[in-house]
Amino acid sequence: MAALTPISRKPLSLVLPTIAAAGAFLGLFVGTANGSGFLGVVIGAALIAFMGFVYIALLKNETLSKWISILGFATLGFVFAGVPGVVLGALSGWFYHWFTYWLYEGRYRAKLLPYLTSRQVLWFYSFRVICGAIFVFLITPILVVMPLSFNAENFFTFTPEMLRFDPAGYSLKHYVDFFTNSEWQRSFKNSLIIAPIATIISVSLGTLAAIGLSQSHVPGRRAIMAVMISPMIVPLIISATGMFFFYSDIGNWLEGTLGLPKNFVGYVKVILAHSVLGIPFVIITVTATLVGFDRSLTRAAANMGADPVTTFFKVQMPLILPGVISGALFAFITSFDEVVVVLFVGSAGQKTLPWQMFTGLREQISPTILAVATILVAISILLLTTVELLRRRSERMRGMSPS
Amino acid sequence: MGRQRPIRNSYDGDIMSELKGTGQQTADAPTPEDAFHEAAALDARETDSQSSGRNGGPVLAADGTPLKRSLSRALRRQKLRALALIAPLLIFVLFSFIIPIGSMLFRSVENGFVEQTLPLTVAELKNWDAESDTLPDEALYQAFVTDMVAAVEAKEHTKLGSRLNYEQTGLSSLFRQTGRKIKKIDPETDGPFKDKLIDIDDKWGELETWRTIKTHSVRYTNGYFLNAIDMQRTAEGAVAQPENKRILITLFMRTLFMSLVITTSCILLGYPVAWILANLPARSANMLMILVLLPFWTSLLVRTSAWKVMLQQQGVINEVLVWLGIVPDDARLVLINNQLGTIIAMTHILLPFMILPMYSVMQTIQPTYLRAAKSMGATNWTAFWRVYFPQSVPGIGAGSILVFILSIGYYITPEIVGGTKGVFISNRIAYHISSSLNWGLAAALGTILLAVVLILYWAYDKIVGIDNVKLG
């Protein structure tokens, strides 16, 4: 339906003022950066309007004019701001060309309902722009960290060399620091010890309990559910405070009465604390998967002589596995990311990666943090992909069409 | 998020419905459930037949026991099996989470330490009237010296000093110095002690010192809670703290206010995004969803350090603004180490928790309703405000409570980008735990915060239902 909206060329009286305004906007930035904002506005507006007029009225060749604007703007960019200006210039050249033709040919209406008034069309696109801005807000901080982690200087900001795309401005030295510095390596190792063990504990106990909870007659299900979800709801600082008091007593008892080594007790405390924090995630994901589980399958298995354990491992487990794995990933990332509780419960021997980052951010500001951050973003992209694939798989297995 | 990654309501409409049905059988096949219903029916028939005297005798199962009993045994066994599966986790959570929280609650009122260290003194103090203008008599001083000598031997007197120092500044050094000198006195023979103690330090001859000890010698005290709301426990009852020590109420208010601001800005930013995600075709919506989910999955520390990079004086935002000439180089914006920094960073961090519940609600709203409203002559605004918006309110409610609960207990981000003006009550709790070591006050603050969160949690349960919390 939408594709049938007829589009028609718009008069120059609409196109030229609009693109002139857009050009003035760019001119404002270039102008202020070079001394006079007002001059920039005037020149920008005039330049873009003139360009549009030439393309539409004289040149009448879209592909040719596209390359003219990209190259022209890139050259202008180079004149004003050197190498980074080329990139910005080429991009804005492409944009202004596209914008001019988009308006002139009336393409902006092509995908909209034919009966919309022009004000509705304007609102439609302004709304898109607002949403785009919010998406930029969401993603920019994460994107900014990545190039900065290749900084050759010990700064938290872009150096002139980096902006000039000078290879000398970039280096892997922060990554080298991360992989050679014993402090970072030790905390990385600690994270890799604590998170998997905590995950295993919360997944094994959580899956069993979720299966129990999904039975039809559980006395006090709501209360049990509330208790098990509570580690997720109670603010971390309160959990940490409570655990701090309690686990230091437990730790003293373990060390004093049982004579266990201090370091070992420290790990036990942190792992127990982290596995509690991971449990709600396992419970929630596994119960969700179990709701779609066809109970007649287990009865069929029992009917054919399988004992409950066999039934569980051969029939139920393979079907709920996607839910269990995504619960495990949540539990893992919870523990891997956790800093408040480990800060309170752990001692220096259990310093984890987030803890090290936290002290780094508070005390010695070192760009190695940004290198670590980039590595962690890569890990989270990996986890996100896995969870998404698992979700689709689980939906396919249950006969829904994955979206 | 740390864990501050807790809940994520499904962004997938058809999964959303799943948890709502927890506990109901979805399969069509006959289930044990049917048998129980049948048993109930049988039961009714049985009483029926007994009263009318027809047919006589209950229905029997295959092994000869009455069917009713056999079925209830099966039900009992099923319940036990379910409980046996749940039990390990329940015990684990009780042991390593609920008990610690309980111990924190207990610690906020527990105050046995003074009585433990100075048992004789506390007993004697009961006979002394704190309102009177006379110093305690010799018996009390003797009891105190005996207690003190024992405490010094056990090296407990400095701890006692710092405990009482929270209530009256200067007592810590008083106990330390007295402890050093009191060793020379023998509590058996060297009496009378009153003048000797006053010789050691004049403070022992002051009413205020004894009043403080008496006020805080009770086993269970409300003193920490009074401190938590900027009051103090004195001999005359609860009174307000001196002006310069009142910071906690301000901090509570600031925490609530900033959480509200953060929640509001999350609603304002989240609503358009959730709307566009719910109304775009599935393919592009999924692409855009990545932009929401990537921050959600990224480590909290990463996002916080990213904001530090963005917001600081030499940071990305300021550099760009200066480069564009919008802000002069010598008047860079102060975006970090104040409330603004905390609000910006936390809005970004908590935004996915607002978008995802809103999205899952908006997905279920039929687009035909809007069209119907418009076809009946509603303007765009009326159609949105009277038809679409009311249906999306549950999503806003769920997201808001979630974001508010999360932000009210936030610690890491305010600590790093908040400076002194932008910190929350949780930062004060952490300060009392790790720096001032006033654990009782930390526990009292934590208890108050917990109460607030539990009320919100209860509201969340009423509005959304815990069962509807959904991940991935």
# chains A, B, ... in the order shown; residues from 1 in each chain; ligands from 1
call {"tool": "interface_residues", "arguments": {"of": "chain A", "to": "chain B", "cutoff": "6 Å", "atoms": "only C-alpha atoms", "output": "ChimeraX atom specification"}}
result
/A:29,32-33,131,141,145,156-157,205,208-209,212,214,216-218,232,235,238,242-243,246,288,291,294,334,337-339,373,377,380
call {"tool": "write_last_selection", "arguments": {"atoms": "C-alpha atoms", "output": "mmCIF file, in the first residue's frame"}}
result
data_model
loop_
_atom_site.group_PDB
_atom_site.id
_atom_site.type_symbol
_atom_site.label_atom_id
_atom_site.label_comp_id
_atom_site.auth_asym_id
_atom_site.auth_seq_id
_atom_site.Cartn_x
_atom_site.Cartn_y
_atom_site.Cartn_z
ATOM 1 C CA PHE A 29 29.631 24.999 12.976
ATOM 2 C CA THR A 32 32.253 29.312 14.649
ATOM 3 C CA ALA A 33 35.211 26.967 14.439
ATOM 4 C CA CYS A 131 14.534 8.718 18.134
ATOM 5 C CA PRO A 141 29.594 6.265 25.027
ATOM 6 C CA VAL A 145 35.717 4.112 24.315
ATOM 7 C CA PHE A 156 41.592 9.897 28.410
ATOM 8 C CA THR A 157 40.849 12.050 25.389
ATOM 9 C CA LEU A 205 20.630 -25.295 42.104
ATOM 10 C CA LEU A 208 16.440 -27.936 39.982
ATOM 11 C CA ALA A 209 14.407 -25.384 41.893
ATOM 12 C CA GLY A 212 10.318 -27.974 41.287
ATOM 13 C CA SER A 214 6.922 -25.535 37.750
ATOM 14 C CA SER A 216 1.462 -28.091 39.576
ATOM 15 C CA HIS A 217 1.128 -28.355 43.348
ATOM 16 C CA VAL A 218 3.731 -26.370 45.220
ATOM 17 C CA MET A 232 17.729 -9.193 42.279
ATOM 18 C CA PRO A 235 19.757 -3.005 46.073
ATOM 19 C CA ILE A 238 22.169 -3.496 50.998
ATOM 20 C CA GLY A 242 24.382 -7.594 54.996
ATOM 21 C CA MET A 243 26.870 -9.991 53.465
ATOM 22 C CA PHE A 246 27.601 -12.057 57.992
ATOM 23 C CA ALA A 288 9.968 -19.238 31.393
ATOM 24 C CA VAL A 291 6.116 -23.004 30.863
ATOM 25 C CA ASP A 294 4.956 -30.220 27.104
ATOM 26 C CA THR A 334 26.207 -10.777 36.811
ATOM 27 C CA ASP A 337 30.422 -7.523 36.253
ATOM 28 C CA GLU A 338 29.785 -7.386 39.945
ATOM 29 C CA VAL A 339 31.818 -4.956 41.987
ATOM 30 C CA ALA A 373 36.593 -1.796 28.549
ATOM 31 C CA VAL A 377 32.499 -4.768 25.103
ATOM 32 C CA SER A 380 29.372 -8.609 25.748
#
call {"tool": "atom_distance", "arguments": {"atom1": "CA of Thr215 in chain B", "atom2": "CA of Ala235 in chain B"}}
result
5.5 Å
call {"tool": "atom_distance", "arguments": {"atom1": "CA of Asn222 in chain B", "atom2": "CA of Val345 in chain A"}}
result
26.8 Å
call {"tool": "residues_around", "arguments": {"residues": "Lys155 in chain B", "least_positions_apart": "4", "cutoff": "12 Å", "atoms": "only C-alpha atoms", "output": "PyMOL selection string"}}
result
chain B and resi 117+147-151+159-161+175-176+179-180+183
call {"tool": "residues_around", "arguments": {"residues": "Ser70 in chain B", "least_positions_apart": "4", "cutoff": "9 Å", "atoms": "only C-alpha atoms", "output": "mmCIF file with N, CA and C atoms, in the first residue's frame"}}
result
data_model
loop_
_atom_site.group_PDB
_atom_site.id
_atom_site.type_symbol
_atom_site.label_atom_id
_atom_site.label_comp_id
_atom_site.auth_asym_id
_atom_site.auth_seq_id
_atom_site.Cartn_x
_atom_site.Cartn_y
_atom_site.Cartn_z
ATOM 1 N N LEU B 60 -13.215 -47.515 44.608
ATOM 2 C CA LEU B 60 -11.916 -48.079 44.970
ATOM 3 C C LEU B 60 -10.931 -47.940 43.814
ATOM 4 N N ALA B 61 -9.635 -47.750 44.179
ATOM 5 C CA ALA B 61 -8.586 -47.775 43.159
ATOM 6 C C ALA B 61 -8.246 -49.221 42.840
ATOM 7 N N THR B 65 -7.504 -49.764 47.744
ATOM 8 C CA THR B 65 -7.694 -48.637 48.658
ATOM 9 C C THR B 65 -8.728 -47.696 48.049
ATOM 10 N N PRO B 66 -9.391 -46.914 48.899
ATOM 11 C CA PRO B 66 -10.348 -45.953 48.334
ATOM 12 C C PRO B 66 -9.626 -45.007 47.388
ATOM 13 N N ALA B 74 -1.004 -39.643 46.196
ATOM 14 C CA ALA B 74 -0.231 -39.257 45.013
ATOM 15 C C ALA B 74 0.043 -37.757 45.027
ATOM 16 N N LEU B 75 -0.964 -36.993 45.448
ATOM 17 C CA LEU B 75 -0.806 -35.539 45.491
ATOM 18 C C LEU B 75 0.273 -35.158 46.493
#
call {"tool": "select_by_dssp", "arguments": {"residues": "range 76-279 of chain B", "states": "helix (DSSP H, G or I)", "output": "count of residues only"}}
result
144
call {"tool": "residues_around", "arguments": {"residues": "Arg163 in chain B", "least_positions_apart": "4", "cutoff": "9 Å", "atoms": "only C-alpha atoms", "output": "PDB file with C-alpha atoms, in the first residue's frame"}}
result
ATOM      1  CA  PHE B 113      28.963  -4.209  73.318  1.00  0.00           C
ATOM      2  CA  VAL B 114      28.905  -1.521  76.001  1.00  0.00           C
ATOM      3  CA  THR B 158      39.740   1.197  72.315  1.00  0.00           C
ATOM      4  CA  LYS B 159      36.843  -0.430  70.488  1.00  0.00           C
ATOM      5  CA  GLU B 167      27.871   9.664  70.116  1.00  0.00           C
ATOM      6  CA  LEU B 171      35.543   9.745  74.016  1.00  0.00           C
ATOM      7  CA  SER B 172      37.774   7.664  71.791  1.00  0.00           C
ATOM      8  CA  ASN B 438      30.218   2.989  62.255  1.00  0.00           C
TER       9      ASN B 438
END
call {"tool": "atom_distance", "arguments": {"atom1": "CA of Val324 in chain A", "atom2": "CA of Val282 in chain A"}}
result
6.8 Å
call {"tool": "select_by_dssp", "arguments": {"residues": "range 116-324 of chain B", "states": "strand (DSSP E or B)", "output": "list of chain:residue names"}}
result
B:Tyr220, B:Met231, B:Gln232, B:Arg233, B:Thr234, B:Gly237, B:Ala238, B:Val239, B:Ala240
call {"tool": "residues_around", "arguments": {"residues": "Gly278 in chain A", "least_positions_apart": "4", "cutoff": "8 Å", "atoms": "only C-alpha atoms", "output": "NGL selection string"}}
result
:A and (198-199 or 202 or 274 or 282 or 330-332 or 334-335)
call {"tool": "write_last_selection", "arguments": {"atoms": "N, CA and C atoms", "output": "PDB file, in the first residue's frame"}}
result
ATOM      1  N   ALA A 198      30.753 -19.623  40.423  1.00  0.00           N
ATOM      2  CA  ALA A 198      29.477 -19.067  40.905  1.00  0.00           C
ATOM      3  C   ALA A 198      28.357 -19.421  39.936  1.00  0.00           C
ATOM      4  N   THR A 199      28.654 -19.350  38.621  1.00  0.00           N
ATOM      5  CA  THR A 199      27.636 -19.681  37.627  1.00  0.00           C
ATOM      6  C   THR A 199      27.197 -21.134  37.765  1.00  0.00           C
ATOM      7  N   SER A 202      24.925 -21.515  40.771  1.00  0.00           N
ATOM      8  CA  SER A 202      23.563 -20.977  40.644  1.00  0.00           C
ATOM      9  C   SER A 202      22.783 -21.711  39.574  1.00  0.00           C
ATOM     10  N   HIS A 274      28.345 -14.340  45.069  1.00  0.00           N
ATOM     11  CA  HIS A 274      28.004 -14.140  43.658  1.00  0.00           C
ATOM     12  C   HIS A 274      26.997 -15.161  43.164  1.00  0.00           C
ATOM     13  N   VAL A 282      18.668 -17.270  36.732  1.00  0.00           N
ATOM     14  CA  VAL A 282      18.475 -18.654  36.314  1.00  0.00           C
ATOM     15  C   VAL A 282      17.023 -19.063  36.530  1.00  0.00           C
ATOM     16  N   PHE A 330      23.374 -15.033  31.941  1.00  0.00           N
ATOM     17  CA  PHE A 330      23.016 -13.918  32.814  1.00  0.00           C
ATOM     18  C   PHE A 330      23.757 -14.022  34.142  1.00  0.00           C
ATOM     19  N   ALA A 331      23.763 -15.245  34.701  1.00  0.00           N
ATOM     20  CA  ALA A 331      24.433 -15.421  35.987  1.00  0.00           C
ATOM     21  C   ALA A 331      25.922 -15.114  35.848  1.00  0.00           C
ATOM     22  N   PHE A 332      26.493 -15.546  34.730  1.00  0.00           N
ATOM     23  CA  PHE A 332      27.929 -15.321  34.516  1.00  0.00           C
ATOM     24  C   PHE A 332      28.223 -13.832  34.432  1.00  0.00           C
ATOM     25  N   THR A 334      26.463 -11.417  35.521  1.00  0.00           N
ATOM     26  CA  THR A 334      26.207 -10.777  36.811  1.00  0.00           C
ATOM     27  C   THR A 334      27.446 -10.866  37.691  1.00  0.00           C
ATOM     28  N   SER A 335      28.005 -12.061  37.758  1.00  0.00           N
ATOM     29  CA  SER A 335      29.177 -12.235  38.611  1.00  0.00           C
ATOM     30  C   SER A 335      30.391 -11.536  38.018  1.00  0.00           C
TER      31      SER A 335
END
call {"tool": "residues_around", "arguments": {"residues": "range 129-137 of chain B", "least_positions_apart": "4", "cutoff": "12 Å", "atoms": "only C-alpha atoms", "output": "list of chain:residue names"}}
result
B:Thr121, B:Glu124, B:Leu125, B:Tyr141, B:Gln142, B:Ala143, B:Phe144, B:Pro192, B:Phe193, B:Lys194, B:Asp195, B:Ile198, B:Lys203, B:Trp204, B:Gly205, B:Glu206, B:Leu207, B:Glu208, B:Thr209, B:Trp210, B:Arg211, B:Thr212, B:Ile213, B:Lys214, B:Thr215, B:Thr234, B:Ala235, B:Glu236, B:Gly237
call {"tool": "closest_residue", "arguments": {"among": "A:Ser8, A:Val42, A:Leu143, A:Val136", "to": "Leu103 in chain A", "atoms": "only C-alpha atoms"}}
result
A:Ser8
call {"tool": "closest_residue", "arguments": {"among": "B:Ser173, B:Ser400, B:Gln391, B:Gln313", "to": "Tyr369 in chain B", "atoms": "only C-alpha atoms"}}
result
B:Gln391
call {"tool": "closest_residue", "arguments": {"among": "A:Tyr267, A:Phe137, A:Trp102, A:Phe281", "to": "Val203 in chain A", "atoms": "only C-alpha atoms"}}
result
A:Phe281
call {"tool": "decode", "arguments": {"residues": "range 40-151 of chain A", "atoms": "C-alpha atoms", "output": "mmCIF file, in the first residue's frame"}}
result
data_model
loop_
_atom_site.group_PDB
_atom_site.id
_atom_site.type_symbol
_atom_site.label_atom_id
_atom_site.label_comp_id
_atom_site.auth_asym_id
_atom_site.auth_seq_id
_atom_site.Cartn_x
_atom_site.Cartn_y
_atom_site.Cartn_z
ATOM 1 C CA GLY A 40 29.515 30.754 8.239
ATOM 2 C CA VAL A 41 25.716 30.735 8.263
ATOM 3 C CA VAL A 42 25.470 33.050 5.284
ATOM 4 C CA ILE A 43 28.128 31.284 3.248
ATOM 5 C CA GLY A 44 26.785 27.829 4.122
ATOM 6 C CA ALA A 45 23.228 28.717 3.161
ATOM 7 C CA ALA A 46 24.303 30.380 -0.069
ATOM 8 C CA LEU A 47 26.648 27.566 -1.017
ATOM 9 C CA ILE A 48 24.176 24.768 -0.513
ATOM 10 C CA ALA A 49 21.319 26.637 -2.153
ATOM 11 C CA PHE A 50 23.514 27.417 -5.139
ATOM 12 C CA MET A 51 24.662 23.819 -5.329
ATOM 13 C CA GLY A 52 21.093 22.572 -5.242
ATOM 14 C CA PHE A 53 20.048 25.017 -7.935
ATOM 15 C CA VAL A 54 22.904 23.987 -10.218
ATOM 16 C CA TYR A 55 22.163 20.272 -9.775
ATOM 17 C CA ILE A 56 18.441 20.552 -10.289
ATOM 18 C CA ALA A 57 18.117 23.221 -12.902
ATOM 19 C CA LEU A 58 21.327 22.884 -14.911
ATOM 20 C CA LEU A 59 23.151 19.606 -14.402
ATOM 21 C CA LYS A 60 20.182 17.212 -14.156
ATOM 22 C CA ASN A 61 22.419 14.183 -13.595
ATOM 23 C CA GLU A 62 22.109 12.607 -10.193
ATOM 24 C CA THR A 63 25.129 10.281 -10.219
ATOM 25 C CA LEU A 64 27.494 12.900 -11.583
ATOM 26 C CA SER A 65 26.330 15.510 -9.095
ATOM 27 C CA LYS A 66 26.760 13.040 -6.255
ATOM 28 C CA TRP A 67 30.453 12.646 -6.984
ATOM 29 C CA ILE A 68 30.876 16.347 -7.506
ATOM 30 C CA SER A 69 29.469 17.095 -4.042
ATOM 31 C CA ILE A 70 31.433 14.349 -2.264
ATOM 32 C CA LEU A 71 34.733 15.409 -3.814
ATOM 33 C CA GLY A 72 33.998 19.106 -3.487
ATOM 34 C CA PHE A 73 33.097 18.887 0.175
ATOM 35 C CA ALA A 74 36.053 16.630 0.908
ATOM 36 C CA THR A 75 38.359 19.251 -0.597
ATOM 37 C CA LEU A 76 36.688 21.989 1.424
ATOM 38 C CA GLY A 77 37.046 19.847 4.518
ATOM 39 C CA PHE A 78 40.738 19.387 3.847
ATOM 40 C CA VAL A 79 41.230 23.123 3.501
ATOM 41 C CA PHE A 80 39.519 23.829 6.812
ATOM 42 C CA ALA A 81 40.522 20.923 9.035
ATOM 43 C CA GLY A 82 43.084 18.672 7.368
ATOM 44 C CA VAL A 83 42.689 14.908 7.186
ATOM 45 C CA PRO A 84 39.736 14.492 9.588
ATOM 46 C CA GLY A 85 38.044 17.264 7.584
ATOM 47 C CA VAL A 86 38.221 15.089 4.471
ATOM 48 C CA VAL A 87 36.146 12.374 6.121
ATOM 49 C CA LEU A 88 33.637 14.799 7.573
ATOM 50 C CA GLY A 89 33.536 16.710 4.297
ATOM 51 C CA ALA A 90 32.931 13.627 2.178
ATOM 52 C CA LEU A 91 30.170 12.506 4.525
ATOM 53 C CA SER A 92 28.433 15.857 4.540
ATOM 54 C CA GLY A 93 28.842 16.135 0.764
ATOM 55 C CA TRP A 94 27.079 12.831 0.363
ATOM 56 C CA PHE A 95 24.421 13.853 2.855
ATOM 57 C CA TYR A 96 23.605 17.208 1.290
ATOM 58 C CA HIS A 97 23.398 15.682 -2.151
ATOM 59 C CA TRP A 98 21.097 12.941 -0.917
ATOM 60 C CA PHE A 99 19.016 15.429 1.010
ATOM 61 C CA THR A 100 18.617 17.711 -2.005
ATOM 62 C CA TYR A 101 17.370 14.923 -4.260
ATOM 63 C CA TRP A 102 15.287 13.369 -1.506
ATOM 64 C CA LEU A 103 13.392 16.613 -1.198
ATOM 65 C CA TYR A 104 13.303 17.536 -4.860
ATOM 66 C CA GLU A 105 12.051 14.203 -6.135
ATOM 67 C CA GLY A 106 9.534 13.963 -3.286
ATOM 68 C CA ARG A 107 11.048 10.646 -2.217
ATOM 69 C CA TYR A 108 10.243 11.375 1.402
ATOM 70 C CA ARG A 109 6.606 10.562 0.717
ATOM 71 C CA ALA A 110 7.245 7.333 -1.130
ATOM 72 C CA LYS A 111 6.951 5.064 1.887
ATOM 73 C CA LEU A 112 4.204 6.951 3.693
ATOM 74 C CA LEU A 113 0.448 6.709 3.469
ATOM 75 C CA PRO A 114 -0.792 8.847 0.577
ATOM 76 C CA TYR A 115 -3.356 10.799 2.594
ATOM 77 C CA LEU A 116 -0.980 12.235 5.212
ATOM 78 C CA THR A 117 -0.927 16.009 5.413
ATOM 79 C CA SER A 118 2.389 17.749 4.995
ATOM 80 C CA ARG A 119 2.457 18.556 8.701
ATOM 81 C CA GLN A 120 2.044 14.871 9.519
ATOM 82 C CA VAL A 121 4.907 14.063 7.191
ATOM 83 C CA LEU A 122 7.048 16.674 8.900
ATOM 84 C CA TRP A 123 6.178 15.233 12.330
ATOM 85 C CA PHE A 124 6.900 11.715 11.090
ATOM 86 C CA TYR A 125 10.438 12.679 10.142
ATOM 87 C CA SER A 126 11.056 14.880 13.173
ATOM 88 C CA PHE A 127 10.027 11.957 15.362
ATOM 89 C CA ARG A 128 12.518 9.752 13.540
ATOM 90 C CA VAL A 129 15.221 12.325 14.115
ATOM 91 C CA ILE A 130 14.393 12.502 17.839
ATOM 92 C CA CYS A 131 14.534 8.718 18.134
ATOM 93 C CA GLY A 132 17.789 8.695 16.209
ATOM 94 C CA ALA A 133 19.232 11.180 18.678
ATOM 95 C CA ILE A 134 18.233 8.954 21.593
ATOM 96 C CA PHE A 135 19.820 5.947 19.917
ATOM 97 C CA VAL A 136 22.977 8.002 19.446
ATOM 98 C CA PHE A 137 22.863 8.839 23.161
ATOM 99 C CA LEU A 138 22.571 5.140 23.954
ATOM 100 C CA ILE A 139 25.419 3.921 21.821
ATOM 101 C CA THR A 140 27.931 6.782 21.635
ATOM 102 C CA PRO A 141 29.594 6.265 25.027
ATOM 103 C CA ILE A 142 30.334 2.666 24.110
ATOM 104 C CA LEU A 143 31.659 3.555 20.680
ATOM 105 C CA VAL A 144 33.822 6.402 21.968
ATOM 106 C CA VAL A 145 35.717 4.112 24.315
ATOM 107 C CA MET A 146 36.965 1.853 21.542
ATOM 108 C CA PRO A 147 39.170 4.217 19.487
ATOM 109 C CA LEU A 148 40.399 5.898 22.665
ATOM 110 C CA SER A 149 41.792 2.609 23.910
ATOM 111 C CA PHE A 150 44.293 2.705 21.032
ATOM 112 C CA ASN A 151 45.603 6.067 22.211
#
